[in-house]
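Note sheet for the following structure.
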Amino acid sequence: MPLGFNSGSKKWVSVPAFGVIPGIDYTNDDHSYLDSISKQVSVLYHIDDDNYAIELITDSPNDELILAKLKPGKSLKTTLEKIENNIRSHKISILKDKEVLKIPYVYFDINHSFSQLIDLAILNKGWNGYYISKAHQKLRFQLNETGALMTSEAKLKLYTLGIPIEPVRPRKFIFDKPFLIMMRKKGSQWPYFAMWVGNTELLGKY
């Protein structure tokens, strides 16, 4: 389904999205899709149509995938605190009949090199005498009607006495205006992943 997305300017951009729209004459197959989408959504709070948060239920029993639409605070920390306070002061509810849910597809694949870490010494116990010759991270995130997928891979290339060492430490997590995506452990206030989607560069394209 199409969704008009506004990053804050007067220009609206049409992006692909998924969700639930009431009033559609669903076929039997569409009913199963509608039921599956509805069961994957918990409404954490809804103050108004521009200030709310939902949780998309994932296959992981230990992780939470939360999408929040709100006016951002002065920093990411204050924004996360605002979301947490709203969650604690409201009761969780389900997506009700005739309510609309539209979520844009999100996809990005980012590679980043941390040049500021080159030649710095490793301070961890047991790594005395080792220095960083290369630090690189690859982050991929995908969100659509089948769920969310995030993979993160960090690579450090070290040297000591002229001998290069290249350990790889991968981490994998399966799971109409600017909004926040965050992933956190259940019971934790702070997310281990948070992203502010403020433009259409990270969204799907027609």
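Going by the structure tokens order, chains are called A, B, ..., each with residues numbered from 1, while ligands are numbered from 1 in the order shown.
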
>> To test your reading of the structure, identify every residue in segment 43-189 of chain A that backbone DSSP assigns to strand (DSSP E), and report it as a ChimeraX atom specification.
In response: /A:43-48,51-56,63-69,93-94,101-104,106-113,131-144,147-160,163-165,168-174,179-185

> Using only C-alpha atoms, which residues sit within 8 Å of segment 175-182 of chain A once same-chain residues fewer than 2 positions away are excluded, as a PyMOL selection string?
Replying inline: chain A and resi 3-8+58-60+65-70+147-150+173+184+191-199

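When atom CA of Lys91 of chain A is paired with atom CA of Ser42 of chain A, their separation reads 10.4 Å.
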
> If we count only C-alpha atoms, what is near His46 of chain A at a cut-off of 10 Å, once residues fewer than 2 positions away on the same chain are taken out, given as a ChimeraX atom specification?
Replying inline: /A:43-44,48-54,68-69,86-87,90-93

>> Ranking A:Ile21, A:Val106, A:Val100, A:Ile47 by minimum distance to Glu145 of chain A and counting only C-alpha atoms, which one comes first?
In response: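 Result for the nearest residue to Glu145 of chain A: A:Val106.
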
> Counting only C-alpha atoms, what is within 12 Å of Gln189 of chain A, bar same-chain residues fewer than 4 positions away, as a ChimeraX atom specification?
Replying inline: /A:64,77,80-85,87-88,182-185,193

Selection file, C-alpha atoms, as a short mmCIF file (atom, residue, chain, number, x, y, z; two decimals), in the first residue's frame:
data_model
loop_
_atom_site.label_atom_id
_atom_site.label_comp_id
_atom_site.auth_asym_id
_atom_site.auth_seq_id
_atom_site.Cartn_x
_atom_site.Cartn_y
_atom_site.Cartn_z
CA GLU A 64 11.11 -5.69 21.94
CA LYS A 77 18.28 10.35 25.61
CA LEU A 80 13.79 7.83 24.85
CA GLU A 81 12.91 9.03 28.35
CA LYS A 82 9.76 10.69 27.01
CA ILE A 83 8.71 7.44 25.33
CA GLU A 84 9.40 5.38 28.45
CA ASN A 85 7.43 7.76 30.68
CA ILE A 87 4.61 3.77 28.23
CA ARG A 88 4.65 3.55 32.03
CA MET A 182 14.24 1.01 18.73
CA MET A 183 15.04 -2.48 19.88
CA ARG A 184 15.67 -3.35 23.50
CA LYS A 185 15.71 -6.23 25.94
CA PHE A 193 19.36 -0.06 18.82
#

> Near Leu117 of chain A, counting only C-alpha atoms, which residues have an atom at most 7 Å away, once you skip same-chain residues fewer than 3 positions from it, shown as a VMD selection string?
Replying inline: chain A and resid 114 120 132 135

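We find atom CA of Ile94 of chain A and atom CA of Ser188 of chain A to be spaced 21.9 Å apart.
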
> So which one's closest to Leu203 of chain A, A:Asp109, A:Glu99, A:Asp119, A:Glu153? Using only C-alpha atoms, please.
Replying inline: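 Closest to Leu203 of chain A, using only C-alpha atoms: A:Asp109.
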
> When DSSP works through the backbone of this structure, what residues of segment 10-175 of chain A end up as alpha helix (DSSP H), shown as a VMD selection string?
Replying inline: chain A and resid 28 to 39 76 to 88

Can I get the selection written as a JSON list (two decimals), in the first residue's frame, with N, CA and C atoms?
[["chain", "number", "residue", "atom", "x", "y", "z"],
["A", 28, "ASN", "N", -10.52, -14.17, 1.43],
["A", 28, "ASN", "CA", -10.12, -15.09, 2.49],
["A", 28, "ASN", "C", -8.64, -14.99, 2.78],
["A", 29, "ASP", "N", -7.82, -14.88, 1.72],
["A", 29, "ASP", "CA", -6.38, -14.76, 1.91],
["A", 29, "ASP", "C", -6.04, -13.47, 2.62],
["A", 30, "ASP", "N", -6.75, -12.40, 2.26],
["A", 30, "ASP", "CA", -6.48, -11.11, 2.89],
["A", 30, "ASP", "C", -6.88, -11.12, 4.36],
["A", 31, "HIS", "N", -7.90, -11.91, 4.71],
["A", 31, "HIS", "CA", -8.32, -12.00, 6.10],
["A", 31, "HIS", "C", -7.21, -12.61, 6.96],
["A", 32, "SER", "N", -6.54, -13.63, 6.43],
["A", 32, "SER", "CA", -5.44, -14.24, 7.18],
["A", 32, "SER", "C", -4.31, -13.25, 7.35],
["A", 33, "TYR", "N", -4.06, -12.45, 6.30],
["A", 33, "TYR", "CA", -3.04, -11.41, 6.40],
["A", 33, "TYR", "C", -3.43, -10.38, 7.44],
["A", 34, "LEU", "N", -4.71, -9.96, 7.42],
["A", 34, "LEU", "CA", -5.20, -8.96, 8.37],
["A", 34, "LEU", "C", -5.07, -9.46, 9.79],
["A", 35, "ASP", "N", -5.46, -10.72, 10.03],
["A", 35, "ASP", "CA", -5.37, -11.30, 11.37],
["A", 35, "ASP", "C", -3.92, -11.39, 11.83],
["A", 36, "SER", "N", -3.03, -11.80, 10.92],
["A", 36, "SER", "CA", -1.63, -11.97, 11.30],
["A", 36, "SER", "C", -0.99, -10.63, 11.65],
["A", 37, "ILE", "N", -1.33, -9.57, 10.89],
["A", 37, "ILE", "CA", -0.78, -8.26, 11.19],
["A", 37, "ILE", "C", -1.31, -7.74, 12.51],
["A", 38, "SER", "N", -2.63, -7.89, 12.74],
["A", 38, "SER", "CA", -3.25, -7.38, 13.96],
["A", 38, "SER", "C", -2.67, -8.05, 15.20],
["A", 39, "LYS", "N", -2.38, -9.36, 15.12],
["A", 39, "LYS", "CA", -1.85, -10.09, 16.26],
["A", 39, "LYS", "C", -0.40, -9.71, 16.56],
["A", 76, "LEU", "N", 18.72, 12.26, 21.92],
["A", 76, "LEU", "CA", 18.14, 10.92, 21.84],
["A", 76, "LEU", "C", 17.76, 10.44, 23.23],
["A", 77, "LYS", "N", 18.56, 10.77, 24.24],
["A", 77, "LYS", "CA", 18.28, 10.35, 25.61],
["A", 77, "LYS", "C", 16.95, 10.92, 26.11],
["A", 78, "THR", "N", 16.72, 12.20, 25.88],
["A", 78, "THR", "CA", 15.47, 12.81, 26.34],
["A", 78, "THR", "C", 14.28, 12.27, 25.55],
["A", 79, "THR", "N", 14.48, 11.95, 24.28],
["A", 79, "THR", "CA", 13.41, 11.37, 23.48],
["A", 79, "THR", "C", 13.04, 9.98, 24.01],
["A", 80, "LEU", "N", 14.05, 9.16, 24.31],
["A", 80, "LEU", "CA", 13.79, 7.83, 24.85],
["A", 80, "LEU", "C", 13.13, 7.90, 26.22],
["A", 81, "GLU", "N", 13.54, 8.86, 27.04],
["A", 81, "GLU", "CA", 12.91, 9.03, 28.35],
["A", 81, "GLU", "C", 11.45, 9.42, 28.22],
["A", 82, "LYS", "N", 11.15, 10.26, 27.23],
["A", 82, "LYS", "CA", 9.76, 10.69, 27.01],
["A", 82, "LYS", "C", 8.90, 9.49, 26.61],
["A", 83, "ILE", "N", 9.44, 8.63, 25.74],
["A", 83, "ILE", "CA", 8.71, 7.44, 25.33],
["A", 83, "ILE", "C", 8.48, 6.51, 26.51],
["A", 84, "GLU", "N", 9.51, 6.29, 27.30],
["A", 84, "GLU", "CA", 9.40, 5.38, 28.45],
["A", 84, "GLU", "C", 8.39, 5.89, 29.47],
["A", 85, "ASN", "N", 8.39, 7.18, 29.73],
["A", 85, "ASN", "CA", 7.43, 7.76, 30.68],
["A", 85, "ASN", "C", 6.00, 7.58, 30.18],
["A", 86, "ASN", "N", 5.80, 7.76, 28.88],
["A", 86, "ASN", "CA", 4.46, 7.58, 28.32],
["A", 86, "ASN", "C", 4.02, 6.12, 28.39],
["A", 87, "ILE", "N", 4.95, 5.20, 28.15],
["A", 87, "ILE", "CA", 4.61, 3.77, 28.23],
["A", 87, "ILE", "C", 4.19, 3.40, 29.65],
["A", 88, "ARG", "N", 4.93, 3.90, 30.64],
["A", 88, "ARG", "CA", 4.65, 3.55, 32.03],
["A", 88, "ARG", "C", 3.33, 4.15, 32.54]]

>> With distances taken over only C-alpha atoms, which residue among A:Asn62, A:Val13, A:Phe18, A:Ala121 lies nearest Glu201 of chain A?
In response: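 Of all the options, A:Val13 lies closest to Glu201 of chain A.
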